[in-house]
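As stored in model34.cif (mmCIF, C-alpha atoms):
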```cif
data_final
#
loop_
_atom_site.label_atom_id
_atom_site.label_comp_id
_atom_site.auth_asym_id
_atom_site.auth_seq_id
_atom_site.Cartn_x
_atom_site.Cartn_y
_atom_site.Cartn_z
CA MET L 1 21.67 -0.46 -21.09
CA ASN L 2 21.17 -2.95 -23.91
CA SER L 3 21.21 -1.95 -27.56
CA ARG L 4 18.03 -2.22 -29.64
CA GLN L 5 19.52 -5.30 -31.31
CA ASN L 6 20.04 -6.97 -27.92
CA GLN L 7 16.54 -6.01 -26.83
CA LEU L 8 15.01 -7.58 -29.93
CA GLN L 9 17.17 -10.65 -29.49
CA ALA L 10 16.00 -11.03 -25.88
CA PHE L 11 12.37 -10.68 -26.96
CA GLY L 12 12.89 -13.30 -29.65
CA ARG L 13 14.40 -15.59 -27.03
CA LEU L 14 11.25 -15.20 -24.91
CA LEU L 15 9.05 -16.07 -27.91
CA ASP L 16 11.17 -19.17 -28.62
CA THR L 17 10.98 -20.21 -24.97
CA MET L 18 7.20 -19.80 -25.01
CA ASP L 19 7.01 -22.01 -28.12
CA ASP L 20 9.01 -24.70 -26.31
CA LEU L 21 6.89 -24.56 -23.17
CA ARG L 22 3.63 -24.68 -25.09
CA GLU L 23 4.85 -27.71 -27.02
CA LYS L 24 6.59 -29.70 -24.27
CA CYS L 25 5.42 -28.69 -20.77
CA PRO L 26 2.25 -30.49 -19.52
CA TRP L 27 1.18 -27.48 -17.41
CA ASP L 28 1.78 -24.86 -20.10
CA MET L 29 0.08 -26.99 -22.73
CA LYS L 30 -3.12 -27.11 -20.65
CA GLN L 31 -3.48 -23.38 -20.10
CA THR L 32 -6.22 -21.30 -21.71
CA MET L 33 -6.92 -17.57 -21.64
CA GLN L 34 -9.56 -18.26 -19.01
CA SER L 35 -7.22 -20.28 -16.77
CA LEU L 36 -4.50 -17.61 -17.00
CA ARG L 37 -6.78 -14.67 -16.21
CA HIS L 38 -6.63 -14.82 -12.40
CA LEU L 39 -2.87 -15.39 -12.52
CA THR L 40 -2.44 -12.30 -14.70
CA ILE L 41 -4.39 -10.20 -12.20
CA GLU L 42 -2.20 -11.54 -9.39
CA GLU L 43 0.99 -10.72 -11.31
CA THR L 44 -0.27 -7.19 -11.96
CA TYR L 45 -0.85 -6.63 -8.26
CA GLU L 46 2.61 -7.97 -7.47
CA LEU L 47 4.07 -5.48 -9.94
CA GLY L 48 2.06 -2.74 -8.26
CA ASP L 49 3.50 -3.72 -4.86
CA ALA L 50 7.05 -3.61 -6.22
CA ILE L 51 6.43 -0.15 -7.70
CA LEU L 52 5.06 1.17 -4.41
CA ASP L 53 8.15 -0.21 -2.64
CA ASN L 54 10.37 1.38 -5.32
CA ASP L 55 12.24 -1.93 -5.50
CA MET L 56 13.87 -1.84 -8.94
CA SER L 57 15.11 -5.42 -8.80
CA GLU L 58 11.62 -6.65 -7.93
CA ILE L 59 10.01 -4.38 -10.55
CA LYS L 60 12.25 -5.92 -13.22
CA LYS L 61 11.24 -9.43 -12.13
CA GLU L 62 7.52 -8.65 -11.98
CA LEU L 63 7.61 -6.90 -15.37
CA GLY L 64 9.01 -10.15 -16.75
CA ASP L 65 6.10 -12.08 -15.26
CA VAL L 66 3.58 -9.67 -16.81
CA LEU L 67 5.38 -9.78 -20.17
CA LEU L 68 5.31 -13.59 -20.06
CA HIS L 69 1.53 -13.47 -19.74
CA ILE L 70 1.23 -11.14 -22.75
CA VAL L 71 3.35 -13.53 -24.80
CA PHE L 72 1.35 -16.50 -23.47
CA TYR L 73 -2.01 -15.02 -24.51
CA SER L 74 -0.56 -14.13 -27.91
CA LYS L 75 0.70 -17.69 -28.38
CA ILE L 76 -2.74 -19.08 -27.59
CA GLY L 77 -4.28 -16.56 -30.00
CA SER L 78 -1.93 -17.72 -32.76
CA GLU L 79 -2.95 -21.36 -32.21
CA THR L 80 -6.56 -20.46 -32.96
CA ASN L 81 -5.51 -18.22 -35.89
CA ASP L 82 -7.08 -15.18 -34.21
CA PHE L 83 -3.93 -13.09 -33.64
CA ASP L 84 -0.26 -13.37 -32.74
CA ILE L 85 2.29 -11.19 -30.96
CA ALA L 86 2.97 -9.16 -34.11
CA ASP L 87 -0.72 -8.29 -34.36
CA VAL L 88 -0.72 -7.24 -30.70
CA CYS L 89 2.33 -5.01 -31.18
CA ASN L 90 1.12 -3.48 -34.44
CA GLU L 91 -2.35 -2.75 -33.09
CA ILE L 92 -1.07 -0.89 -30.06
CA CYS L 93 1.38 1.05 -32.26
CA GLU L 94 -1.43 2.07 -34.62
CA LYS L 95 -3.57 3.17 -31.68
CA LEU L 96 -0.77 5.20 -30.12
CA ILE L 97 0.04 6.90 -33.43
CA HIS L 98 -3.64 7.70 -34.05
CA ARG L 99 -4.15 9.09 -30.54
CA HIS L 100 -1.02 11.24 -30.60
CA PRO L 101 -1.72 13.56 -33.55
CA HIS L 102 0.43 16.21 -31.83
CA ILE L 103 3.40 13.89 -32.48
CA TYR L 104 2.47 12.20 -35.76
CA SER L 105 0.52 14.96 -37.53
CA ASP L 106 0.11 18.74 -37.42
CA VAL L 107 -2.08 19.04 -34.29
CA VAL L 108 -0.68 21.43 -31.67
CA VAL L 109 -1.30 21.03 -27.94
CA LYS L 110 -0.30 23.38 -25.14
CA ASP L 111 -0.03 20.96 -22.21
CA GLU L 112 -0.65 17.49 -20.77
CA GLU L 113 -4.28 18.30 -20.01
CA GLU L 114 -5.05 19.04 -23.64
CA VAL L 115 -3.41 15.74 -24.64
CA LYS L 116 -5.78 13.87 -22.31
CA GLN L 117 -8.82 15.74 -23.64
CA ASN L 118 -7.85 14.96 -27.24
CA TRP L 119 -7.36 11.30 -26.27
CA GLU L 120 -10.95 11.01 -25.01
CA LYS L 121 -12.37 12.86 -28.03
CA LEU L 122 -10.52 10.54 -30.41
CA LYS L 123 -11.88 7.48 -28.57
CA LEU L 124 -15.43 8.75 -29.10
CA LYS L 125 -14.69 9.29 -32.80
CA GLU L 126 -13.51 5.67 -32.98
CA GLY L 127 -17.06 4.54 -32.21
CA LYS L 128 -17.26 4.46 -28.44
CA LYS L 129 -20.68 5.57 -27.25
CA SER L 130 -19.54 6.68 -23.80
CA VAL L 131 -16.28 7.99 -22.37
CA LEU L 132 -16.83 5.52 -19.53
CA GLU L 133 -16.71 2.45 -21.78
CA GLY L 134 -12.98 2.21 -21.20
CA VAL L 135 -13.35 1.68 -17.44
CA PRO L 136 -13.12 -2.08 -16.75
CA LYS L 137 -16.11 -3.45 -14.84
CA SER L 138 -13.90 -5.69 -12.71
CA LEU L 139 -11.67 -2.89 -11.37
CA PRO L 140 -11.64 -2.53 -7.57
CA ALA L 141 -14.18 0.11 -6.58
CA LEU L 142 -11.63 2.68 -5.37
CA VAL L 143 -9.57 2.46 -8.54
CA LYS L 144 -12.72 2.47 -10.65
CA ALA L 145 -13.98 5.68 -9.01
CA SER L 146 -10.65 7.36 -9.75
CA ARG L 147 -10.72 6.26 -13.40
CA ILE L 148 -14.35 7.37 -13.82
CA GLN L 149 -13.44 10.84 -12.58
CA ASP L 150 -10.39 11.02 -14.85
CA LYS L 151 -12.50 10.02 -17.85
CA VAL L 152 -15.27 12.58 -17.37
CA LYS L 153 -12.70 15.27 -16.65
CA GLY L 154 -11.28 14.57 -20.12
CA VAL L 155 -14.50 15.89 -21.69
CA GLY L 156 -14.80 18.89 -19.38
CA PHE L 157 -17.17 17.51 -16.70
CA ASP L 158 -15.27 18.65 -13.63
CA TRP L 159 -15.09 21.11 -10.78
CA GLU L 160 -13.21 24.33 -11.41
CA GLU L 161 -11.55 24.84 -8.01
CA SER L 162 -10.36 22.47 -5.27
CA HIS L 163 -12.33 24.35 -2.59
CA GLN L 164 -15.55 23.42 -4.41
CA VAL L 165 -14.64 19.75 -4.12
CA TRP L 166 -13.81 20.14 -0.44
CA ASP L 167 -17.21 21.79 0.09
CA LYS L 168 -18.76 18.76 -1.58
CA VAL L 169 -16.87 16.45 0.80
CA GLN L 170 -18.28 18.43 3.75
CA GLU L 171 -21.78 18.26 2.26
CA GLU L 172 -21.55 14.48 1.82
CA LEU L 173 -20.22 14.03 5.37
CA ALA L 174 -23.18 15.98 6.74
CA GLU L 175 -25.60 13.84 4.73
CA LEU L 176 -23.91 10.70 6.04
CA GLN L 177 -24.24 11.93 9.63
CA VAL L 178 -27.99 12.49 9.12
CA GLU L 179 -28.45 8.89 7.97
CA VAL L 180 -26.24 7.52 10.77
CA GLU L 181 -28.50 9.26 13.29
CA ALA L 182 -31.59 7.95 11.47
CA GLY L 183 -30.18 4.41 11.58
CA ASP L 184 -31.19 3.30 8.06
CA GLN L 185 -28.35 0.93 7.09
CA ASP L 186 -29.06 1.01 3.36
CA LYS L 187 -29.00 4.82 3.28
CA ILE L 188 -25.89 4.89 5.48
CA GLU L 189 -24.09 2.70 2.95
CA ASP L 190 -25.30 4.89 0.10
CA GLU L 191 -24.08 8.09 1.75
CA PHE L 192 -20.82 6.48 2.84
CA GLY L 193 -20.18 5.65 -0.82
CA ASP L 194 -20.83 9.29 -1.72
CA VAL L 195 -18.28 10.40 0.89
CA LEU L 196 -15.65 8.05 -0.51
CA PHE L 197 -16.36 9.14 -4.08
CA SER L 198 -16.05 12.81 -3.15
CA MET L 199 -12.82 12.17 -1.20
CA ILE L 200 -11.33 10.39 -4.22
CA ASN L 201 -12.33 13.41 -6.30
CA TYR L 202 -10.62 15.73 -3.81
CA ALA L 203 -7.49 13.55 -3.92
CA ARG L 204 -7.34 14.16 -7.66
CA PHE L 205 -7.33 17.91 -7.10
CA LEU L 206 -4.55 17.49 -4.55
CA LYS L 207 -2.62 15.42 -7.13
CA VAL L 208 -2.71 12.43 -4.79
CA ASN L 209 -3.33 8.91 -6.08
CA PRO L 210 -5.94 7.61 -3.59
CA GLU L 211 -5.04 3.97 -4.15
CA ASP L 212 -1.36 4.66 -3.46
CA ALA L 213 -2.21 6.84 -0.45
CA LEU L 214 -4.42 4.17 1.10
CA GLU L 215 -1.86 1.45 0.43
CA ARG L 216 0.84 3.54 2.12
CA THR L 217 -1.42 3.79 5.16
CA ASN L 218 -2.07 0.03 5.03
CA LYS L 219 1.66 -0.68 5.01
CA LYS L 220 2.23 1.80 7.85
CA PHE L 221 -0.50 0.22 9.96
CA ILE L 222 0.81 -3.30 9.32
CA LYS L 223 4.34 -2.28 10.31
CA ARG L 224 3.13 -0.66 13.53
CA PHE L 225 0.78 -3.48 14.47
CA GLN L 226 3.48 -6.08 13.89
CA TYR L 227 5.75 -4.07 16.18
CA LEU L 228 3.01 -4.23 18.80
CA GLU L 229 2.74 -8.00 18.31
CA SER L 230 6.49 -8.47 18.67
CA LYS L 231 6.55 -6.46 21.91
CA ALA L 232 3.66 -8.48 23.30
CA GLY L 233 5.59 -11.63 22.34
CA GLU L 234 8.65 -10.40 24.24
CA LEU L 235 6.44 -10.03 27.32
CA GLY L 236 4.99 -13.49 26.75
CA LYS L 237 1.52 -11.96 26.84
CA PRO L 238 -1.06 -12.59 24.07
CA LEU L 239 -2.55 -9.43 22.62
CA MET L 240 -6.05 -10.54 23.58
CA ASP L 241 -4.96 -10.55 27.23
CA MET L 242 -3.62 -6.99 27.09
CA THR L 243 -5.70 -3.93 27.84
CA LEU L 244 -6.07 -1.18 25.24
CA ALA L 245 -4.00 1.07 27.47
CA GLU L 246 -1.16 -1.47 27.51
CA MET L 247 -1.32 -1.90 23.76
CA ASP L 248 -1.41 1.85 23.24
CA VAL L 249 2.00 2.22 24.94
CA PHE L 250 3.62 0.02 22.29
CA TRP L 251 1.52 1.58 19.52
CA GLU L 252 2.90 5.01 20.38
CA GLU L 253 6.41 3.53 20.43
CA ALA L 254 5.79 2.08 17.00
CA LYS L 255 4.63 5.47 15.70
CA ARG L 256 7.84 7.09 16.90
CA ILE L 257 10.02 4.34 15.40
CA THR L 258 8.14 3.85 12.11
CA LYS L 259 7.50 7.29 10.71
CA LYS L 260 6.54 5.82 7.32
#
```
Please go through the file and, once you have read it, give me the structure as structure tokens.
Amino acid sequence: MNSRQNQLQAFGRLLDTMDDLREKCPWDMKQTMQSLRHLTIEETYELGDAILDNDMSEIKKELGDVLLHIVFYSKIGSETNDFDIADVCNEICEKLIHRHPHIYSDVVVKDEEEVKQNWEKLKLKEGKKSVLEGVPKSLPALVKASRIQDKVKGVGFDWEESHQVWDKVQEELAELQVEVEAGDQDKIEDEFGDVLFSMINYARFLKVNPEDALERTNKKFIKRFQYLESKAGELGKPLMDMTLAEMDVFWEEAKRITKK
């Protein structure tokens, strides 16, 4: 691994490169924080994909893309005299030091859970009116539900035992079934949301990341369906012309071949 001196030198090189691009490249010169926003979101998802695939080479590349965006925003901020990369680094350092009193002062904690609880309490002391203020509005709904539950847990609003959460899942499923039988679409959607929310809560008690779990299933389904498509192609028969029974033969083959 690189020495701290080499790491700082590499970071300085990135800052110099960003200066050059902002000064000389027509595309980079035109960019604003608003125009970069959707690209940043895309890069973050690409990093997430690489992490799920445990592809270290790809993770390294995608981290570079995300880091470039941080440097890019900081460069734009410096041009308007609002902030620069040093301000960004110093502010996050100050926040981390303040929110880790068990490291930087005399506070004693017994475990990870107490660290998380202290974190949320400190945020409220900093002026936040709600523990949920830190949940971004634009997060995908599944991720947002998970973060909401993590946040309220940090202040003690949580179930005590996993079986209580599973009972809640069963309760919500029963309520959904009632509305399905009644046929009220608006109420069905409402109860379906409750089922998902309770399942995400149960995943937390099982120490399962629901986003990761669902994405693993997505990848598994894609792999198996593409196997089915390839087998249909070998037969020269479009999927739409195959019966479900015919497709199911190849689907079962795919399940045996692609365990993950």
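Distance-wise, atom CA of Val165 of chain L and atom CA of Ala145 of chain L end up 14.9 Å apart.
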As number ranges by chain, please: the residues near Glu120 of chain L (cut-off 10 Å, only C-alpha atoms, same-chain neighbours under 2 positions excluded). L: 99, 115-118, 122-126, 128, 130-132, 134, 151-155
| said: When the PyMOL selection byres ((chain L and resi 24-36) around 12) is applied to the structure above, which residues does it catch, written out as a ChimeraX atom specification? | reply: /L:17-23,37-43,66,68-77,79-80
Using the chain letters and numbers from the file, give me the residues hit by the PyMOL selection byres ((chain L and resi 200) around 12), as an mmCIF file with C-alpha atoms, in the frame of the given file.
```cif
data_model
loop_
_atom_site.group_PDB
_atom_site.id
_atom_site.type_symbol
_atom_site.label_atom_id
_atom_site.label_comp_id
_atom_site.auth_asym_id
_atom_site.auth_seq_id
_atom_site.Cartn_x
_atom_site.Cartn_y
_atom_site.Cartn_z
ATOM 1 C CA ALA L 141 -14.180 0.110 -6.580
ATOM 2 C CA LEU L 142 -11.630 2.680 -5.370
ATOM 3 C CA VAL L 143 -9.570 2.460 -8.540
ATOM 4 C CA LYS L 144 -12.720 2.470 -10.650
ATOM 5 C CA ALA L 145 -13.980 5.680 -9.010
ATOM 6 C CA SER L 146 -10.650 7.360 -9.750
ATOM 7 C CA ARG L 147 -10.720 6.260 -13.400
ATOM 8 C CA ILE L 148 -14.350 7.370 -13.820
ATOM 9 C CA GLN L 149 -13.440 10.840 -12.580
ATOM 10 C CA ASP L 150 -10.390 11.020 -14.850
ATOM 11 C CA VAL L 165 -14.640 19.750 -4.120
ATOM 12 C CA TRP L 166 -13.810 20.140 -0.440
ATOM 13 C CA LYS L 168 -18.760 18.760 -1.580
ATOM 14 C CA VAL L 169 -16.870 16.450 0.800
ATOM 15 C CA GLY L 193 -20.180 5.650 -0.820
ATOM 16 C CA ASP L 194 -20.830 9.290 -1.720
ATOM 17 C CA VAL L 195 -18.280 10.400 0.890
ATOM 18 C CA LEU L 196 -15.650 8.050 -0.510
ATOM 19 C CA PHE L 197 -16.360 9.140 -4.080
ATOM 20 C CA SER L 198 -16.050 12.810 -3.150
ATOM 21 C CA MET L 199 -12.820 12.170 -1.200
ATOM 22 C CA ASN L 201 -12.330 13.410 -6.300
ATOM 23 C CA TYR L 202 -10.620 15.730 -3.810
ATOM 24 C CA ALA L 203 -7.490 13.550 -3.920
ATOM 25 C CA ARG L 204 -7.340 14.160 -7.660
ATOM 26 C CA PHE L 205 -7.330 17.910 -7.100
ATOM 27 C CA LEU L 206 -4.550 17.490 -4.550
ATOM 28 C CA LYS L 207 -2.620 15.420 -7.130
ATOM 29 C CA VAL L 208 -2.710 12.430 -4.790
ATOM 30 C CA ASN L 209 -3.330 8.910 -6.080
ATOM 31 C CA PRO L 210 -5.940 7.610 -3.590
ATOM 32 C CA GLU L 211 -5.040 3.970 -4.150
ATOM 33 C CA ASP L 212 -1.360 4.660 -3.460
ATOM 34 C CA ALA L 213 -2.210 6.840 -0.450
ATOM 35 C CA LEU L 214 -4.420 4.170 1.100
#
```
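Nearest residue to Glu175 of chain L among L:Ser162, L:Val135, L:His98, L:Glu191 is L:Glu191, counting only C-alpha atoms.
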Check: Could you write out as a ChimeraX atom specification the residues that the PyMOL selection byres ((chain L and resi 248) around 12) matches in the shown file?
Finding: /L:224-225,227-229,231-232,239,242-247,249-255
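Computed from the coordinates, the atom CA of Glu161 of chain L to atom CA of Leu139 of chain L distance equals 27.9 Å.
Note that the spacing between atom CA of Val180 of chain L and atom CA of Trp159 of chain L amounts to 27.8 Å.
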Shortest contact to Asp84 of chain L, candidates L:Leu15, L:Asp49, L:Gln185, L:Arg216, atoms counted only C-alpha atoms, goes to L:Leu15
